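Novice: Before I ask anything, here is the structure I am working with.
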Amino acid sequence: MANYLIEDRDGVFLKVMVKSRAKANRIVGVEGDYLVVEIAAPPTAGRANTELLKFLRKELGVSQIAIIRGMRSRDKILFLRDADPAKVREAIEKILGESS
């Protein structure tokens, strides 16, 4: 069971650990209860947060995504409004399977 993904009637909560200033944007794995995402942008002026949302929107095929906790922290809780939990889980598992 993916502890980083929490289903809600209005969408999906996603617990993410962000590692900024990486070589590329990518989902790299799971640490504890967090999905680990590397982001190339630096954490200054919200650039890593902006890049994180843009990246996950594309990779997970969701249109509405927001940071609800952790704007200034590497550990974040995101909310994917109206997202299908099964499709989000499937997209993440596919990415993680390809990177192994």
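Residues are named by chain letter and number: chains run A, B, ... in the order of the structure tokens, numbers start at 1 in each chain, and ligands are numbered from 1 in the order shown.
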For stretch 42-47 of chain A, find every residue with an atom within 12 Å (counting only C-alpha atoms), except residues of its own chain fewer than 5 positions away, and show them as a list in words.
Specialist: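 Final neighbour list, sorted by chain and number: Val18, Lys19, Ser20, Arg21, Ala22, Lys23, Ala24, Asn25, Leu52, Leu53, Lys54, Ile67, Gly70, Met71, Arg72, Ser73 and Arg74 of chain A.
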Novice: Next, write the just-selected residues to a file, as an mmCIF file, in the first residue's frame, keeping N, CA and C atoms as the atom set.
Specialist:
data_model
loop_
_atom_site.group_PDB
_atom_site.id
_atom_site.type_symbol
_atom_site.label_atom_id
_atom_site.label_comp_id
_atom_site.auth_asym_id
_atom_site.auth_seq_id
_atom_site.Cartn_x
_atom_site.Cartn_y
_atom_site.Cartn_z
ATOM 1 N N VAL A 18 10.725 16.725 -1.652
ATOM 2 C CA VAL A 18 11.343 17.354 -2.816
ATOM 3 C C VAL A 18 12.841 17.533 -2.590
ATOM 4 N N LYS A 19 13.608 17.124 -3.580
ATOM 5 C CA LYS A 19 15.055 17.358 -3.580
ATOM 6 C C LYS A 19 15.330 18.304 -4.739
ATOM 7 N N SER A 20 15.594 19.564 -4.394
ATOM 8 C CA SER A 20 15.796 20.587 -5.419
ATOM 9 C C SER A 20 17.250 20.611 -5.900
ATOM 10 N N ARG A 21 17.467 21.385 -6.944
ATOM 11 C CA ARG A 21 18.777 21.519 -7.595
ATOM 12 C C ARG A 21 19.302 20.171 -8.110
ATOM 13 N N ALA A 22 18.410 19.347 -8.603
ATOM 14 C CA ALA A 22 18.787 18.051 -9.171
ATOM 15 C C ALA A 22 19.199 18.247 -10.631
ATOM 16 N N LYS A 23 19.726 17.205 -11.235
ATOM 17 C CA LYS A 23 20.120 17.277 -12.646
ATOM 18 C C LYS A 23 18.910 17.358 -13.558
ATOM 19 N N ALA A 24 17.804 16.730 -13.140
ATOM 20 C CA ALA A 24 16.588 16.717 -13.959
ATOM 21 C C ALA A 24 15.375 16.530 -13.055
ATOM 22 N N ASN A 25 14.211 16.842 -13.593
ATOM 23 C CA ASN A 25 12.969 16.600 -12.869
ATOM 24 C C ASN A 25 12.609 15.130 -13.035
ATOM 25 N N LEU A 52 7.774 21.890 -9.476
ATOM 26 C CA LEU A 52 7.206 20.643 -8.959
ATOM 27 C C LEU A 52 5.767 20.466 -9.442
ATOM 28 N N LEU A 53 4.947 21.493 -9.282
ATOM 29 C CA LEU A 53 3.539 21.397 -9.680
ATOM 30 C C LEU A 53 3.403 21.188 -11.183
ATOM 31 N N LYS A 54 4.187 21.918 -11.946
ATOM 32 C CA LYS A 54 4.153 21.786 -13.414
ATOM 33 C C LYS A 54 4.560 20.366 -13.822
ATOM 34 N N ILE A 67 -0.169 22.863 -3.497
ATOM 35 C CA ILE A 67 0.544 22.558 -2.257
ATOM 36 C C ILE A 67 -0.333 23.051 -1.116
ATOM 37 N N GLY A 70 3.620 22.815 3.492
ATOM 38 C CA GLY A 70 5.044 22.672 3.208
ATOM 39 C C GLY A 70 5.583 23.603 2.143
ATOM 40 N N MET A 71 4.998 24.767 1.995
ATOM 41 C CA MET A 71 5.461 25.709 0.958
ATOM 42 C C MET A 71 6.951 26.011 1.091
ATOM 43 N N ARG A 72 7.471 26.035 2.304
ATOM 44 C CA ARG A 72 8.888 26.356 2.522
ATOM 45 C C ARG A 72 9.672 25.178 3.084
ATOM 46 N N SER A 73 9.145 23.999 2.871
ATOM 47 C CA SER A 73 9.781 22.791 3.388
ATOM 48 C C SER A 73 9.985 21.808 2.246
ATOM 49 N N ARG A 74 10.923 20.882 2.412
ATOM 50 C CA ARG A 74 11.091 19.867 1.374
ATOM 51 C C ARG A 74 10.023 18.797 1.468
#
Novice: Among chain A, which residues carry a DSSP assignment of strand (DSSP E or B), reported as a PyMOL selection string?
Specialist: chain A and resi 5-8+11-19+26-31+34-38+64-69+75-81
Novice: Mind dumping the selected residues with N, CA and C atoms as an mmCIF file, in the first residue's frame?
Specialist:
data_model
loop_
_atom_site.group_PDB
_atom_site.id
_atom_site.type_symbol
_atom_site.label_atom_id
_atom_site.label_comp_id
_atom_site.auth_asym_id
_atom_site.auth_seq_id
_atom_site.Cartn_x
_atom_site.Cartn_y
_atom_site.Cartn_z
ATOM 1 N N LEU A 5 0.073 8.199 -0.736
ATOM 2 C CA LEU A 5 -1.139 8.555 -1.460
ATOM 3 C C LEU A 5 -2.352 8.325 -0.562
ATOM 4 N N ILE A 6 -3.132 9.379 -0.328
ATOM 5 C CA ILE A 6 -4.295 9.298 0.547
ATOM 6 C C ILE A 6 -5.526 9.710 -0.258
ATOM 7 N N GLU A 7 -6.472 8.790 -0.347
ATOM 8 C CA GLU A 7 -7.690 9.065 -1.106
ATOM 9 C C GLU A 7 -8.632 9.962 -0.312
ATOM 10 N N ASP A 8 -9.336 10.832 -1.042
ATOM 11 C CA ASP A 8 -10.331 11.738 -0.468
ATOM 12 C C ASP A 8 -11.505 11.775 -1.439
ATOM 13 N N GLY A 11 -10.632 14.064 -4.334
ATOM 14 C CA GLY A 11 -9.378 13.916 -5.056
ATOM 15 C C GLY A 11 -8.389 13.059 -4.293
ATOM 16 N N VAL A 12 -7.112 13.448 -4.380
ATOM 17 C CA VAL A 12 -6.033 12.668 -3.791
ATOM 18 C C VAL A 12 -5.049 13.588 -3.079
ATOM 19 N N PHE A 13 -4.653 13.215 -1.864
ATOM 20 C CA PHE A 13 -3.550 13.880 -1.179
ATOM 21 C C PHE A 13 -2.288 13.090 -1.492
ATOM 22 N N LEU A 14 -1.208 13.800 -1.736
ATOM 23 C CA LEU A 14 0.060 13.174 -2.081
ATOM 24 C C LEU A 14 1.146 13.747 -1.189
ATOM 25 N N LYS A 15 1.825 12.874 -0.436
ATOM 26 C CA LYS A 15 2.929 13.306 0.429
ATOM 27 C C LYS A 15 4.217 13.191 -0.375
ATOM 28 N N VAL A 16 4.897 14.320 -0.536
ATOM 29 C CA VAL A 16 6.065 14.384 -1.415
ATOM 30 C C VAL A 16 7.263 14.964 -0.675
ATOM 31 N N MET A 17 8.426 14.358 -0.882
ATOM 32 C CA MET A 17 9.691 14.909 -0.416
ATOM 33 C C MET A 17 10.416 15.432 -1.657
ATOM 34 N N VAL A 18 10.725 16.725 -1.652
ATOM 35 C CA VAL A 18 11.343 17.354 -2.816
ATOM 36 C C VAL A 18 12.841 17.533 -2.590
ATOM 37 N N LYS A 19 13.608 17.124 -3.580
ATOM 38 C CA LYS A 19 15.055 17.358 -3.580
ATOM 39 C C LYS A 19 15.330 18.304 -4.739
ATOM 40 N N ARG A 26 12.410 14.431 -11.897
ATOM 41 C CA ARG A 26 12.019 13.026 -11.988
ATOM 42 C C ARG A 26 11.518 12.513 -10.648
ATOM 43 N N ILE A 27 10.658 11.522 -10.729
ATOM 44 C CA ILE A 27 10.192 10.800 -9.549
ATOM 45 C C ILE A 27 11.183 9.669 -9.347
ATOM 46 N N VAL A 28 11.812 9.628 -8.155
ATOM 47 C CA VAL A 28 12.907 8.673 -7.967
ATOM 48 C C VAL A 28 12.598 7.496 -7.060
ATOM 49 N N GLY A 29 11.568 7.590 -6.237
ATOM 50 C CA GLY A 29 11.270 6.467 -5.362
ATOM 51 C C GLY A 29 10.432 6.871 -4.173
ATOM 52 N N VAL A 30 10.523 6.046 -3.140
ATOM 53 C CA VAL A 30 9.742 6.265 -1.922
ATOM 54 C C VAL A 30 10.682 6.188 -0.734
ATOM 55 N N GLU A 31 10.541 7.143 0.196
ATOM 56 C CA GLU A 31 11.279 7.135 1.461
ATOM 57 C C GLU A 31 10.256 7.258 2.573
ATOM 58 N N TYR A 34 6.790 9.061 2.052
ATOM 59 C CA TYR A 34 6.868 10.133 1.062
ATOM 60 C C TYR A 34 7.318 9.630 -0.298
ATOM 61 N N LEU A 35 6.708 10.172 -1.334
ATOM 62 C CA LEU A 35 7.161 9.980 -2.697
ATOM 63 C C LEU A 35 8.294 10.973 -2.912
ATOM 64 N N VAL A 36 9.446 10.518 -3.381
ATOM 65 C CA VAL A 36 10.606 11.385 -3.543
ATOM 66 C C VAL A 36 10.652 11.889 -4.983
ATOM 67 N N VAL A 37 10.708 13.225 -5.109
ATOM 68 C CA VAL A 37 10.738 13.860 -6.425
ATOM 69 C C VAL A 37 11.936 14.794 -6.477
ATOM 70 N N GLU A 38 12.759 14.626 -7.492
ATOM 71 C CA GLU A 38 13.888 15.534 -7.722
ATOM 72 C C GLU A 38 13.442 16.607 -8.706
ATOM 73 N N GLN A 64 -5.605 19.866 -11.817
ATOM 74 C CA GLN A 64 -5.647 20.739 -10.645
ATOM 75 C C GLN A 64 -4.803 20.144 -9.528
ATOM 76 N N ILE A 65 -3.713 20.841 -9.206
ATOM 77 C CA ILE A 65 -2.805 20.375 -8.155
ATOM 78 C C ILE A 65 -2.318 21.587 -7.368
ATOM 79 N N ALA A 66 -2.272 21.445 -6.053
ATOM 80 C CA ALA A 66 -1.846 22.559 -5.202
ATOM 81 C C ALA A 66 -1.074 22.036 -3.995
ATOM 82 N N ILE A 67 -0.169 22.863 -3.497
ATOM 83 C CA ILE A 67 0.544 22.558 -2.257
ATOM 84 C C ILE A 67 -0.333 23.051 -1.116
ATOM 85 N N ILE A 68 -0.705 22.133 -0.216
ATOM 86 C CA ILE A 68 -1.541 22.563 0.907
ATOM 87 C C ILE A 68 -0.764 22.638 2.215
ATOM 88 N N ARG A 69 0.416 22.014 2.237
ATOM 89 C CA ARG A 69 1.285 22.116 3.406
ATOM 90 C C ARG A 69 2.729 21.949 2.956
ATOM 91 N N ASP A 75 9.416 18.635 2.671
ATOM 92 C CA ASP A 75 8.310 17.699 2.846
ATOM 93 C C ASP A 75 7.006 18.448 2.625
ATOM 94 N N LYS A 76 6.219 17.976 1.656
ATOM 95 C CA LYS A 76 5.010 18.692 1.266
ATOM 96 C C LYS A 76 3.817 17.749 1.206
ATOM 97 N N ILE A 77 2.646 18.322 1.362
ATOM 98 C CA ILE A 77 1.411 17.598 1.092
ATOM 99 C C ILE A 77 0.720 18.350 -0.030
ATOM 100 N N LEU A 78 0.460 17.622 -1.109
ATOM 101 C CA LEU A 78 -0.199 18.196 -2.281
ATOM 102 C C LEU A 78 -1.624 17.670 -2.340
ATOM 103 N N PHE A 79 -2.497 18.438 -2.981
ATOM 104 C CA PHE A 79 -3.857 17.964 -3.216
ATOM 105 C C PHE A 79 -4.127 17.992 -4.704
ATOM 106 N N LEU A 80 -4.523 16.848 -5.238
ATOM 107 C CA LEU A 80 -4.851 16.706 -6.648
ATOM 108 C C LEU A 80 -6.367 16.637 -6.748
ATOM 109 N N ARG A 81 -6.996 17.771 -7.030
ATOM 110 C CA ARG A 81 -8.453 17.861 -7.044
ATOM 111 C C ARG A 81 -9.030 17.080 -8.221
#
Novice: In Å, how far is it from atom CA of A:Gly97 to atom CA of A:Glu51?
Specialist: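 Calculated distance between atom CA of A:Gly97 and atom CA of A:Glu51 is 22.9 Å.
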Novice: Calculate how many Å separate atom CA of A:Phe55 from atom CA of A:Arg9, rounding to one decimal.
Specialist: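 Taking atom CA of A:Phe55 and atom CA of A:Arg9, their separation equals 24.0 Å.
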Novice: Taking only chain A into account, list the residues labelled alpha helix (DSSP H) by DSSP (computed from the backbone), as a VMD selection string.
Specialist: chain A and resid 47 to 60 85 to 99
Novice: Please measure the separation of atom CA of A:Leu60 and atom CA of A:Asp33, giving the value in Å to one decimal.
Specialist: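 Taking atom CA of A:Leu60 and atom CA of A:Asp33, their separation equals 18.5 Å.
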Novice: Calculated over only C-alpha atoms, which of the candidates A:Thr50, A:Lys58, A:Ala83, A:Glu93 has the smallest distance to A:Asp10?
Specialist: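 Nearest to A:Asp10: A:Ala83.
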